[in-house]
Structures are given as C-alpha cells and as structure tokens.
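This is final-v3.cif (mmCIF, C-alpha atoms and all ligand atoms).
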```cif
data_work
#
loop_
_atom_site.label_atom_id
_atom_site.label_comp_id
_atom_site.auth_asym_id
_atom_site.auth_seq_id
_atom_site.Cartn_x
_atom_site.Cartn_y
_atom_site.Cartn_z
CA MET A 52 0.00 0.00 0.00
CA ASN A 53 1.09 3.52 -0.73
CA PRO A 54 -0.24 5.80 2.04
CA ILE A 55 1.41 8.92 0.56
CA VAL A 56 -1.12 9.34 -2.28
CA GLU A 57 -4.10 9.31 0.10
CA LEU A 58 -2.47 11.63 2.63
CA VAL A 59 -1.52 14.17 -0.02
CA ASP A 60 -4.95 14.03 -1.66
CA ASP A 61 -6.73 14.32 1.69
CA SER A 62 -4.77 17.41 2.74
CA PHE A 63 -5.26 18.93 -0.73
CA ILE A 64 -9.05 18.41 -0.59
CA PHE A 65 -9.15 19.67 3.01
CA ILE A 66 -7.31 22.91 2.14
CA MET A 67 -9.37 23.35 -1.04
CA ALA A 68 -12.64 22.91 0.89
CA ILE A 69 -11.63 25.48 3.53
CA SER A 70 -10.54 27.90 0.78
CA ALA A 71 -13.85 27.44 -1.09
CA VAL A 72 -15.94 28.05 2.06
CA LEU A 73 -13.88 31.16 2.89
CA LEU A 74 -14.10 32.49 -0.67
CA ILE A 75 -17.88 32.08 -0.79
CA GLY A 76 -18.30 33.47 2.75
CA VAL A 77 -16.10 36.54 2.19
CA THR A 78 -17.68 37.30 -1.20
CA ALA A 79 -21.23 36.94 0.17
CA ALA A 80 -20.45 39.16 3.19
CA MET A 81 -18.83 41.75 0.94
CA ILE A 82 -21.85 41.90 -1.41
CA TYR A 83 -24.24 42.12 1.58
CA PHE A 84 -22.24 44.96 3.17
CA VAL A 85 -22.07 46.89 -0.09
CA PHE A 86 -25.89 47.16 -0.15
CA ARG A 87 -26.66 47.13 3.58
CA TYR A 88 -24.19 49.91 4.48
CA SER A 89 -24.27 51.96 1.28
CA GLU A 90 -24.40 55.75 1.57
CA LYS A 91 -27.74 55.68 -0.22
CA ASN A 92 -29.35 53.50 2.47
CA ASN A 93 -27.52 55.23 5.33
CA PRO A 94 -27.26 58.97 4.70
CA LYS A 95 -26.11 59.48 8.29
CA PRO A 96 -23.16 57.23 9.27
CA ASP A 97 -23.83 55.07 12.35
CA GLN A 98 -21.04 55.76 14.86
CA SER A 99 -22.43 53.65 17.70
CA ILE A 100 -20.16 50.59 16.95
CA THR A 101 -16.86 50.97 18.79
CA GLY A 102 -15.60 47.37 18.84
CA SER A 103 -16.48 43.81 19.79
CA THR A 104 -14.20 41.62 21.90
CA THR A 105 -16.27 38.51 21.07
CA LEU A 106 -15.89 39.10 17.33
CA GLU A 107 -12.17 39.79 17.64
CA ILE A 108 -11.62 36.56 19.58
CA LEU A 109 -13.70 34.62 17.04
CA TRP A 110 -11.86 35.91 13.98
CA THR A 111 -8.55 35.14 15.65
CA VAL A 112 -9.34 31.71 17.06
CA ILE A 113 -11.27 30.22 14.10
CA PRO A 114 -8.53 30.92 11.50
CA LEU A 115 -5.92 29.72 14.00
CA ILE A 116 -7.73 26.39 14.37
CA LEU A 117 -8.08 26.07 10.58
CA VAL A 118 -4.41 26.84 9.94
CA LEU A 119 -3.30 24.39 12.66
CA ALA A 120 -5.56 21.70 11.15
CA MET A 121 -3.94 22.32 7.75
CA PHE A 122 -0.51 22.04 9.35
CA PHE A 123 -1.30 18.74 11.04
CA TYR A 124 -2.79 17.30 7.84
CA GLY A 125 0.27 18.40 5.90
CA TYR A 126 2.66 17.15 8.57
CA ALA A 127 1.02 13.70 8.60
CA GLY A 128 1.81 13.36 4.88
CA PHE A 129 5.29 14.85 5.24
CA LYS A 130 6.16 12.43 8.07
CA GLU A 131 5.11 9.49 5.92
CA MET A 132 7.15 10.80 2.99
CA ARG A 133 10.34 11.10 5.06
CA ASN A 134 9.82 7.80 6.84
CA VAL A 135 11.25 5.23 4.43
CA PRO A 136 10.26 1.59 5.09
CA PRO A 137 13.41 -0.40 6.00
CA ASP A 138 12.73 -3.04 3.34
CA ALA A 139 12.76 -0.51 0.48
CA MET A 140 14.83 -1.32 -2.58
CA VAL A 141 17.23 1.51 -3.51
CA VAL A 142 17.49 3.26 -6.87
CA LYS A 143 19.96 6.08 -7.46
CA VAL A 144 18.48 8.91 -9.51
CA THR A 145 20.76 11.48 -11.11
CA GLY A 146 19.40 14.58 -12.77
CA LYS A 147 21.52 15.76 -15.69
CA MET A 148 20.96 18.54 -18.19
CA TRP A 149 18.54 17.35 -19.55
CA PHE A 150 17.58 13.76 -18.76
CA TRP A 151 17.18 11.37 -15.84
CA HIS A 152 19.74 8.65 -15.15
CA PHE A 153 18.86 5.65 -12.97
CA GLU A 154 21.16 3.17 -11.26
CA TYR A 155 19.94 -0.01 -9.57
CA ASP A 156 21.52 -2.01 -6.73
CA ASN A 157 23.39 -4.31 -9.12
CA LYS A 158 24.83 -1.33 -11.06
CA ARG A 159 22.35 -1.87 -13.89
CA THR A 160 21.56 1.55 -15.32
CA SER A 161 18.96 3.15 -17.57
CA ASP A 162 18.19 6.60 -18.87
CA THR A 163 14.77 8.27 -19.03
CA LEU A 164 12.90 4.98 -18.41
CA LEU A 165 12.66 3.86 -14.79
CA TYR A 166 11.67 0.21 -14.36
CA LEU A 167 10.15 -0.78 -11.03
CA PRO A 168 8.51 -3.87 -9.55
CA GLU A 169 4.80 -3.69 -8.73
CA GLY A 170 3.85 -3.37 -5.07
CA LYS A 171 7.40 -2.82 -3.77
CA ASN A 172 8.69 0.00 -1.59
CA VAL A 173 11.36 1.92 -3.46
CA LYS A 174 13.76 4.46 -1.99
CA PHE A 175 15.31 6.97 -4.37
CA LEU A 176 18.67 8.57 -3.68
CA LEU A 177 18.54 11.86 -5.51
CA GLU A 178 21.61 13.54 -6.91
CA SER A 179 22.49 16.05 -9.58
CA ALA A 180 25.40 16.05 -12.00
CA ASP A 181 25.20 19.75 -12.77
CA VAL A 182 22.46 22.17 -11.66
CA ASN A 183 19.36 21.95 -9.47
CA HIS A 184 16.65 19.61 -10.76
CA SER A 185 13.51 18.30 -9.10
CA PHE A 186 12.41 14.68 -9.47
CA TYR A 187 8.63 14.74 -9.77
CA VAL A 188 6.26 11.79 -10.25
CA PRO A 189 2.75 13.32 -10.20
CA ALA A 190 0.91 9.97 -10.07
CA PHE A 191 2.68 9.13 -6.79
CA ARG A 192 2.39 12.67 -5.39
CA VAL A 193 6.10 12.94 -4.68
CA LYS A 194 8.61 15.61 -5.63
CA GLU A 195 12.09 16.23 -4.25
CA ASP A 196 15.00 18.41 -5.31
CA CYS A 197 18.22 17.06 -6.80
CA VAL A 198 20.96 19.40 -5.62
CA PRO A 199 24.61 19.18 -6.75
CA GLY A 200 26.93 17.93 -4.01
CA ARG A 201 24.09 16.62 -1.86
CA THR A 202 22.12 13.38 -1.68
CA ASN A 203 18.42 13.84 -1.07
CA TYR A 204 15.90 11.02 -0.82
CA MET A 205 12.25 10.09 -1.25
CA TRP A 206 10.26 6.90 -1.53
CA PHE A 207 7.01 5.45 -2.81
CA ASN A 208 5.27 2.17 -3.34
CA ALA A 209 4.35 1.50 -6.93
CA THR A 210 1.03 -0.17 -6.27
CA LYS A 211 -0.36 -0.55 -9.77
CA ALA A 212 1.41 -1.81 -12.90
CA GLY A 213 1.46 0.77 -15.65
CA THR A 214 3.37 3.70 -17.10
CA TYR A 215 3.57 7.00 -15.27
CA ASP A 216 5.12 10.37 -16.07
CA ILE A 217 8.37 11.72 -14.63
CA GLU A 218 8.94 15.44 -14.83
CA CYS A 219 11.59 17.90 -13.77
CA ALA A 220 9.96 20.48 -11.52
CA GLU A 221 12.89 22.87 -11.14
CA TYR A 222 13.82 25.14 -14.03
CA CYS A 223 17.25 23.87 -15.09
CA GLY A 224 18.05 25.52 -18.41
CA MET A 225 17.18 25.45 -22.09
CA ASN A 226 15.71 21.93 -22.34
CA HIS A 227 14.07 21.82 -18.90
CA SER A 228 10.62 21.27 -20.40
CA TYR A 229 11.94 18.26 -22.36
CA MET A 230 13.42 16.65 -19.25
CA LEU A 231 10.72 14.00 -19.16
CA GLY A 232 10.77 10.33 -18.34
CA LYS A 233 8.53 7.37 -17.62
CA VAL A 234 8.15 5.07 -14.63
CA ILE A 235 7.33 1.64 -15.98
CA ILE A 236 5.87 -0.58 -13.29
CA VAL A 237 5.87 -4.26 -14.11
CA PRO A 238 5.22 -7.47 -12.11
CA GLU A 239 8.19 -8.31 -9.86
CA LYS A 240 9.22 -11.37 -11.91
CA GLU A 241 9.44 -9.29 -15.06
CA PHE A 242 11.41 -6.61 -13.25
CA LEU A 243 13.92 -9.11 -11.86
CA GLU A 244 14.43 -10.51 -15.36
CA TRP A 245 15.03 -7.02 -16.73
CA VAL A 246 17.33 -5.84 -13.96
CA SER A 247 19.48 -8.97 -13.98
CA LYS A 248 20.55 -8.77 -17.61
CA VAL A 249 22.25 -6.02 -19.52
CA GLU A 250 20.71 -6.18 -22.96
CA LYS A 251 22.38 -4.76 -25.99
CA THR A 252 19.05 -3.36 -27.17
CA ASP A 253 18.69 -1.37 -23.96
CA THR A 254 22.08 0.23 -24.28
CA VAL A 255 21.27 1.01 -27.92
CA LYS A 256 17.96 2.48 -26.83
CA THR A 257 19.53 4.66 -24.18
CA ALA A 258 22.32 5.71 -26.52
CA ASP A 259 19.72 6.67 -29.09
CA SER A 260 17.66 8.62 -26.60
CA LEU A 261 20.83 10.35 -25.45
CA LYS A 262 21.76 11.12 -29.03
CA SER A 263 18.40 12.71 -29.68
CA ILE A 264 18.79 14.75 -26.50
CA ASN A 265 22.32 15.75 -27.53
CA ILE A 266 21.08 16.74 -30.97
CA LYS A 267 18.44 18.89 -29.37
CA THR A 268 20.90 20.61 -27.09
CA ASP A 269 23.43 21.03 -29.89
CA SER A 270 20.87 22.59 -32.16
CA LEU A 271 19.85 24.89 -29.35
CA LYS A 272 23.46 25.73 -28.68
CA THR A 273 24.03 26.63 -32.33
CA THR A 274 20.92 28.77 -32.42
CA GLN A 275 22.18 30.45 -29.28
CA VAL A 276 25.50 31.16 -30.99
CA LYS A 277 23.63 32.35 -34.06
CA THR A 278 21.46 34.70 -32.10
CA ASP A 279 24.57 35.94 -30.36
CA THR A 280 26.30 36.65 -33.67
CA THR A 281 23.17 38.27 -35.06
CA LYS A 282 22.90 40.34 -31.94
CA ALA A 283 26.48 41.55 -32.28
CA PRO A 284 26.16 42.99 -35.85
CA VAL A 285 22.83 44.53 -34.90
CA LYS A 286 24.58 46.32 -32.09
CA LYS A 287 27.35 47.42 -34.43
CA ASP A 288 24.78 48.54 -37.01
CA SER A 289 22.81 50.41 -34.47
CA VAL A 290 26.01 52.05 -33.34
CA LYS A 291 26.84 52.89 -36.95
CA THR A 292 23.36 54.02 -37.87
CA THR A 293 22.93 56.32 -34.95
CA PRO A 294 25.75 58.63 -35.97
CA LYS A 295 24.50 58.46 -39.59
CA ASP A 296 20.98 59.22 -38.50
CA SER A 297 22.16 62.03 -36.39
CA LEU A 298 24.19 63.30 -39.34
CA ASP A 299 21.12 62.99 -41.60
CA ARG A 300 19.09 64.82 -39.08
CA VAL A 301 21.70 67.50 -38.99
CA LYS A 302 21.89 67.62 -42.79
CA LYS A 303 18.15 67.61 -43.48
CA PRO A 304 17.30 70.87 -41.79
CA LYS A 305 20.17 72.50 -43.68
CU CU B 1 14.45 20.98 -15.02
#
```

Any chance you could put this one into structure tokens?
Amino acid sequence: MNPIVELVDDSFIFIMAISAVLLIGVTAAMIYFVFRYSEKNNPKPDQSITGSTTLEILWTVIPLILVLAMFFYGYAGFKEMRNVPPDAMVVKVTGKMWFWHFEYDNKRTSDTLLYLPEGKNVKFLLESADVNHSFYVPAFRVKEDCVPGRTNYMWFNATKAGTYDIECAEYCGMNHSYMLGKVIIVPEKEFLEWVSKVEKTDTVKTADSLKSINIKTDSLKTTQVKTDTTKAPVKKDSVKTTPKDSLDRVKKPK
C-alpha cells in the first residue's frame, strides 16, 4: 500500500474545501455589506459601533484552528514521505541537463525509463550532475529536489502496474521542459528478469535517446551562438546608424 497518495490528496481536498468556504463566505459578506451599508441607504453614518471583543476573539481563534488543522494534515503526509520503510529497494536517480539517469543495486543503469517492480517500496537517492533539478512523479504525489553535491531522498510504493510520467519540476536551463521520463511498473518477476541482464538493445535504446537529447541541445546551442552573432552585428549597425541618422538629421534641416 502507498499511504502517501491518500495523505496528499486528503490534505489537498481539506485545504481546497476550507478555501472554497472562505471564498464564498467573504464574497457573500462583501456583497451584503455593499448594499446594507451603502451611503444611499444610510445617509447618516452610524457611529455607535466601537468594537467587539467577542468578534475579535472569534476571527482570531477560528482561523488559528483552521491553519493548525492544515498544518497537522500536511505534517502527517510529510512524516510518511520522510519515513522510508526499511525493506525498500534503492534506486539512485541522477538529474543531468537534460535527462534522468537511474542506477539499480546491481549497477544496472537506464536513462529516461525507470523500471520498477509492482507493489514494492522503493527508496530513491537523488543527486544532480550539474544544476538543481527536481524529481517529480505526479501519479505518486512525490517531488524532491536534486541538488549538486548533496544526496536527497524520497520513496514510494508503486502499487499498480502501468506507465507514469516523470517530470523535472525545477527550471534547469534550455531543455528543462523536455526533461521528461517514464516510470514503468511491471510485475516483480518481469522486473527481476530485466534488472538482472544487460541487454544490448537497452544500451542502444539509451544511446539513441541520449543522441536525440544531444542533438536537441546542440541545435539549441548553435541557435544560441547564431542569435549571439546576429545580436552583435545589430549592435554594431545600431552604433553605426545612430551617428549616420544624427548626421542625416543635422543635414536635413540645412
Ligand atoms: Cu528541469
């Protein structure tokens, strides 16, 4: 069982419900006050209200209780997220500009595609090879930063076989939005078969995916260089044209 998903969803719904009630309440009160206390309906302002201790206590204590409830809901989920089951299998995740690299216990590696056994607790050791990234698997409601020079961690239990999205949730440069991957959850037997053998096809696949990523970055790099070179002559031109223009301007009136 993966308790994280339920805890995160529960606290999200709880906070959303409170926000919705407050939004409706504040809007309704505002509309009521606009008409009830308008200048038209009250030509002479009522100055008899000086304050209300009961009201002040109420509008301090009620929000305090709500905020504390939100904190406890959030903390329950956070505690679960940081509390890794001791039997969890470990996968090392490295964020690189701009793809995800995975390393399993037996040194088997893969890029972009993360294979995991169904119904197993998995602990991820999160690292970065260059800049800050954030390993985000929306379906499992988990997201943690990958920071250079530091090992962070998170865990989840992949309860249902299937394919789920991996995203980078920390802006990390030009191809950040292409830094996508997939978690592929398969029955344990299938996973053990996959993890125990290093297939040529897999290395070809990863090399290909890397190539395509490299091509992308290279093309972006060249466009960057191009824009830089185009920028430079433009600057020069603008420098050149301004004196000309100023000369023209000087000439024209003459
Ligand atoms: Cu990123």

- Task: Check every protein, DNA and RNA residue against ligand CU 1 (chain B), keep those with an atom at most 9 Å away (counting only C-alpha atoms and all ligand atoms), and present them as a count of residues only.
- Result: 24

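Considering the residues A:Ile217, A:Lys211, A:Gly232, A:Glu195 and counting all atoms listed in the file, Phe129 of chain A has its shortest atom-to-atom contact with A:Glu195.
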
- Message: Quick check, in Å to one decimal: how far apart do atom CA of Phe175 of chain A and atom CA of Ala212 of chain A lie?
- Response: 18.5 Å

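Across the model, the gap from atom CA of Tyr215 of chain A to atom CA of Pro238 of chain A is 14.9 Å.
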
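Computed from the coordinates, the atom CA of Glu178 of chain A to atom CA of Asp138 of chain A distance equals 21.4 Å.
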
Box centre and edge lengths (Å, one decimal), axis-aligned, segment 93-101 of chain A plus 4 Å each side, as JSON:
```
{"center_x": -22.2, "center_y": 55.0, "center_z": 11.7, "size_x": 18.7, "size_y": 16.9, "size_z": 22.1}
```

- Which residue out of A:Lys174, A:Lys233, A:Lys95, A:Arg87 has the minimum interatomic distance to His152 of chain A when all atoms listed in the file are used?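 Result for the nearest residue to His152 of chain A: A:Lys233.
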
- Do you know which residues lie at most 12 Å from (-6.6, 17.1, -0.1), with coordinates as in the file and all atoms listed in the file counted, and could you write them as a list in words?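 Residues satisfying the cut-off, written out: Ile55, Val56, Glu57, Leu58, Val59, Asp60, Asp61, Ser62, Phe63, Ile64, Phe65, Ile66, Met67, Ala68, Ile69, Ser70, Met121, Tyr124, Gly125, Gly128 and Arg192 of chain A.
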
With C-alpha atoms kept, could you save the residues just selected as an mmCIF file, in the coordinates of the input?
```cif
data_model
loop_
_atom_site.group_PDB
_atom_site.id
_atom_site.type_symbol
_atom_site.label_atom_id
_atom_site.label_comp_id
_atom_site.auth_asym_id
_atom_site.auth_seq_id
_atom_site.Cartn_x
_atom_site.Cartn_y
_atom_site.Cartn_z
ATOM 1 C CA ILE A 55 1.410 8.920 0.560
ATOM 2 C CA VAL A 56 -1.120 9.340 -2.280
ATOM 3 C CA GLU A 57 -4.100 9.310 0.100
ATOM 4 C CA LEU A 58 -2.470 11.630 2.630
ATOM 5 C CA VAL A 59 -1.520 14.170 -0.020
ATOM 6 C CA ASP A 60 -4.950 14.030 -1.660
ATOM 7 C CA ASP A 61 -6.730 14.320 1.690
ATOM 8 C CA SER A 62 -4.770 17.410 2.740
ATOM 9 C CA PHE A 63 -5.260 18.930 -0.730
ATOM 10 C CA ILE A 64 -9.050 18.410 -0.590
ATOM 11 C CA PHE A 65 -9.150 19.670 3.010
ATOM 12 C CA ILE A 66 -7.310 22.910 2.140
ATOM 13 C CA MET A 67 -9.370 23.350 -1.040
ATOM 14 C CA ALA A 68 -12.640 22.910 0.890
ATOM 15 C CA ILE A 69 -11.630 25.480 3.530
ATOM 16 C CA SER A 70 -10.540 27.900 0.780
ATOM 17 C CA MET A 121 -3.940 22.320 7.750
ATOM 18 C CA TYR A 124 -2.790 17.300 7.840
ATOM 19 C CA GLY A 125 0.270 18.400 5.900
ATOM 20 C CA GLY A 128 1.810 13.360 4.880
ATOM 21 C CA ARG A 192 2.390 12.670 -5.390
#
```

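Shortest atom-to-atom contact with Tyr204 of chain A among A:Ser103, A:Tyr83, A:Val234, A:Val135: A:Val135, counting only C-alpha atoms.
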